[in-house]
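First comes the structure, then the notes that go with it.
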Amino acid sequence: MPNIKQQTIQDRKQLFTDVDRQTQEVLTTVNELNIKSFKSSFNNVKNFFNTALFSLGYHKGFSLKVKDFISAVPGAVIDADVSVFTTQNIVSNLSFNGSVSIADTACITFDKCIFKQTTFVEAGGKANFIGCIFEQPITNAGISADVNVIGCQRSSSVAHTNVTVIAELTF
């Protein structure tokens, strides 16, 4: 009959072997998919529907000038200003340390993002913020129907300007 201590050591060795094998399988799969992550500013490679996945860490700011779908792994931070100029953009899971500017020609949805600076929407610009966190309020120069805050949180005691708010928590 094996010693309990010896059996535990064997179980742990097998566990590490299994984890190493699974890690290698995941890395092989990711390499086969040829997924790109951006350590610098995002560059549009097509005229429409670019997709990008930002990796963990700090990244430069960017401008969205065509239809883009941007997402990120947890812990991805945009450490500079961001500008949005066009329609049909979706940005998910990013934290913005710089300001975000939305032009009068833009239409964008932010999903589960964190905004540490002011977000400014020019008159005519349209934006939806879903499940986001704001440390500073949104300033909308246009009508309130063009900017919607849905199920978000705000740590600032200053209210958003010209924004339709549905279920926002303040803390």
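For the structure tokens, the naming scheme is as follows: chains receive sequential letters (A, B, ...) according to their order of presentation, residues are indexed from 1 within each chain, and ligands are indexed from 1 in presentation order.
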
>> With only C-alpha atoms as the counted atoms, please give the residues lying no more than 12 Å from A:Val158, apart from itself and same-chain residues fewer than 5 positions off, as number ranges by chain.
In response: A: 118, 134-139, 170-171

Please save N, CA and C atoms of the selected residues as a PDB file, in the first residue's frame.
ATOM      1  N   THR A 118     -12.717  63.147 -18.893  1.00  0.00           N
ATOM      2  CA  THR A 118     -13.966  63.584 -19.503  1.00  0.00           C
ATOM      3  C   THR A 118     -14.143  62.969 -20.889  1.00  0.00           C
ATOM      4  N   PHE A 134     -17.601  55.629 -15.012  1.00  0.00           N
ATOM      5  CA  PHE A 134     -17.107  56.980 -15.297  1.00  0.00           C
ATOM      6  C   PHE A 134     -16.523  57.601 -14.036  1.00  0.00           C
ATOM      7  N   GLU A 135     -15.280  58.075 -14.123  1.00  0.00           N
ATOM      8  CA  GLU A 135     -14.703  58.849 -13.028  1.00  0.00           C
ATOM      9  C   GLU A 135     -14.950  60.338 -13.239  1.00  0.00           C
ATOM     10  N   GLN A 136     -15.228  60.727 -14.475  1.00  0.00           N
ATOM     11  CA  GLN A 136     -15.585  62.100 -14.833  1.00  0.00           C
ATOM     12  C   GLN A 136     -16.850  62.038 -15.696  1.00  0.00           C
ATOM     13  N   PRO A 137     -17.656  63.090 -15.689  1.00  0.00           N
ATOM     14  CA  PRO A 137     -18.919  63.042 -16.442  1.00  0.00           C
ATOM     15  C   PRO A 137     -18.721  63.170 -17.952  1.00  0.00           C
ATOM     16  N   ILE A 138     -19.754  62.764 -18.676  1.00  0.00           N
ATOM     17  CA  ILE A 138     -19.811  62.956 -20.134  1.00  0.00           C
ATOM     18  C   ILE A 138     -20.334  64.363 -20.384  1.00  0.00           C
ATOM     19  N   THR A 139     -19.740  65.046 -21.361  1.00  0.00           N
ATOM     20  CA  THR A 139     -20.245  66.338 -21.808  1.00  0.00           C
ATOM     21  C   THR A 139     -20.702  66.181 -23.249  1.00  0.00           C
ATOM     22  N   THR A 170     -24.380  55.886  -8.622  1.00  0.00           N
ATOM     23  CA  THR A 170     -23.284  56.782  -8.233  1.00  0.00           C
ATOM     24  C   THR A 170     -22.682  56.275  -6.931  1.00  0.00           C
ATOM     25  N   PHE A 171     -21.384  56.461  -6.803  1.00  0.00           N
ATOM     26  CA  PHE A 171     -20.709  55.988  -5.583  1.00  0.00           C
ATOM     27  C   PHE A 171     -19.652  56.963  -5.168  1.00  0.00           C
TER      28      PHE A 171
END

A:Asp111 surroundings by only C-alpha atoms, 7 Å radius, close-in-sequence under 3 positions cut, as a PDB file with N, CA and C atoms, in the first residue's frame:
ATOM      1  N   VAL A  91     -16.688  49.358 -29.078  1.00  0.00           N
ATOM      2  CA  VAL A  91     -15.481  49.224 -28.262  1.00  0.00           C
ATOM      3  C   VAL A  91     -15.877  48.557 -26.950  1.00  0.00           C
ATOM      4  N   SER A  92     -15.175  47.474 -26.594  1.00  0.00           N
ATOM      5  CA  SER A  92     -15.520  46.701 -25.398  1.00  0.00           C
ATOM      6  C   SER A  92     -14.313  46.487 -24.500  1.00  0.00           C
ATOM      7  N   ASN A  93     -14.563  46.541 -23.198  1.00  0.00           N
ATOM      8  CA  ASN A  93     -13.619  46.090 -22.168  1.00  0.00           C
ATOM      9  C   ASN A  93     -12.324  46.896 -22.070  1.00  0.00           C
ATOM     10  N   PHE A 129     -23.372  54.057 -24.014  1.00  0.00           N
ATOM     11  CA  PHE A 129     -22.447  53.549 -23.006  1.00  0.00           C
ATOM     12  C   PHE A 129     -23.217  52.513 -22.200  1.00  0.00           C
ATOM     13  N   ILE A 130     -22.775  51.265 -22.264  1.00  0.00           N
ATOM     14  CA  ILE A 130     -23.498  50.175 -21.613  1.00  0.00           C
ATOM     15  C   ILE A 130     -22.575  49.506 -20.599  1.00  0.00           C
ATOM     16  N   GLY A 131     -22.976  49.516 -19.331  1.00  0.00           N
ATOM     17  CA  GLY A 131     -22.200  48.851 -18.292  1.00  0.00           C
ATOM     18  C   GLY A 131     -20.830  49.458 -18.060  1.00  0.00           C
ATOM     19  N   CYS A 132     -20.687  50.749 -18.261  1.00  0.00           N
ATOM     20  CA  CYS A 132     -19.388  51.424 -18.137  1.00  0.00           C
ATOM     21  C   CYS A 132     -19.241  52.091 -16.764  1.00  0.00           C
TER      22      CYS A 132
END

Extract, using only C-alpha atoms, all DNA, RNA and protein residues at most 10 Å from A:Thr86, discarding same-chain residues fewer than 6 positions from it, and format them as a short mmCIF file (atom, residue, chain, number, x, y, z; two decimals) with C-alpha atoms, in the first residue's frame.
data_model
loop_
_atom_site.label_atom_id
_atom_site.label_comp_id
_atom_site.auth_asym_id
_atom_site.auth_seq_id
_atom_site.Cartn_x
_atom_site.Cartn_y
_atom_site.Cartn_z
CA SER A 63 -8.46 57.33 -33.80
CA LEU A 64 -11.36 55.39 -35.24
CA LYS A 65 -11.88 56.60 -38.80
CA VAL A 66 -13.61 53.56 -40.30
CA LYS A 67 -16.05 50.96 -38.97
CA ASP A 68 -14.12 49.16 -36.22
CA ILE A 102 -16.63 61.71 -30.33
CA ALA A 103 -17.03 63.78 -33.51
CA ASP A 104 -20.29 65.09 -34.93
CA THR A 105 -20.15 62.39 -37.65
CA ALA A 106 -19.57 59.48 -35.24
CA CYS A 107 -21.83 56.78 -33.87
CA ILE A 108 -20.31 54.37 -31.34
CA GLY A 125 -22.35 62.71 -32.48
#

> Could you pull the residues within 6 Å of A:Asn140, counting only C-alpha atoms, minus those fewer than 4 positions along the same chain, as a PyMOL selection string?
Replying inline: chain A and resi 120-121+161-162

Those residues you just picked out, can you put them in a file as a tab-separated table (two decimals), in the first residue's frame with N, CA and C atoms?
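Okay, out_29.tsv is ready:
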chain	number	residue	atom	x	y	z
A	120	PHE	N	-16.16	63.70	-24.33
A	120	PHE	CA	-16.83	64.83	-24.98
A	120	PHE	C	-17.47	64.35	-26.28
A	121	VAL	N	-18.76	64.68	-26.45
A	121	VAL	CA	-19.48	64.33	-27.67
A	121	VAL	C	-19.89	65.63	-28.36
A	161	THR	N	-23.80	65.92	-18.83
A	161	THR	CA	-24.47	67.04	-19.47
A	161	THR	C	-25.14	66.58	-20.75
A	162	ASN	N	-26.45	66.83	-20.87
A	162	ASN	CA	-27.25	66.48	-22.06
A	162	ASN	C	-27.14	65.01	-22.42

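With only C-alpha atoms taken into account, the protein and nucleic acid residues at most 12 Å from A:Ser71 (excluding it and anything under 3 positions from it in its own chain) are Lys36, Ser37, Phe38, Phe42, Asn50, Thr51, Ala52, Leu53, Phe54, Ser55, Leu56, Asp68, Pro74, Gly75, Ala76, Val77, Ile78, Asn89, Ile90, Val91, Ser92, Asn93, Leu94, Ser95, Thr109, Phe110, Asp111, Lys112 and Cys113 of chain A.
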
> Residues of stretch 44-144 of chain A in strand (DSSP E or B) according to DSSP, as a ChimeraX atom specification?
Replying inline: /A:50-54,57-59,63-64,68-72,76-78,82-84,89-92,95-96,100-102,107-111,114-115,119-121,126-130,133-134,138-140

>> Excluding A:Val82 and its own-chain neighbours fewer than 3 positions away, which residues fall within 10 Å of it when counting only C-alpha atoms? Please give them as a ChimeraX atom specification.
In response: /A:60-64,78-79,96-102,119

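The residue set within 6 Å of A:Val163, counting only C-alpha atoms and dropping same-chain residues fewer than 2 places from it, reads Ser144, Val147, Asn148 and Thr161 of chain A.
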
Output N, CA and C atoms for every residue in the selection just made, as a short mmCIF file (atom, residue, chain, number, x, y, z; two decimals), in the first residue's frame.
data_model
loop_
_atom_site.label_atom_id
_atom_site.label_comp_id
_atom_site.auth_asym_id
_atom_site.auth_seq_id
_atom_site.Cartn_x
_atom_site.Cartn_y
_atom_site.Cartn_z
N SER A 144 -29.85 65.39 -25.82
CA SER A 144 -29.67 64.26 -24.90
C SER A 144 -30.07 62.92 -25.50
N VAL A 147 -27.07 60.62 -26.81
CA VAL A 147 -26.08 59.96 -25.93
C VAL A 147 -26.85 59.26 -24.81
N ASN A 148 -26.63 57.95 -24.70
CA ASN A 148 -27.35 57.14 -23.72
C ASN A 148 -26.38 56.44 -22.78
N THR A 161 -23.80 65.92 -18.83
CA THR A 161 -24.47 67.04 -19.47
C THR A 161 -25.14 66.58 -20.75
#

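Between atom CA of A:Val84 and atom CA of A:Tyr58 the separation is 19.4 Å.
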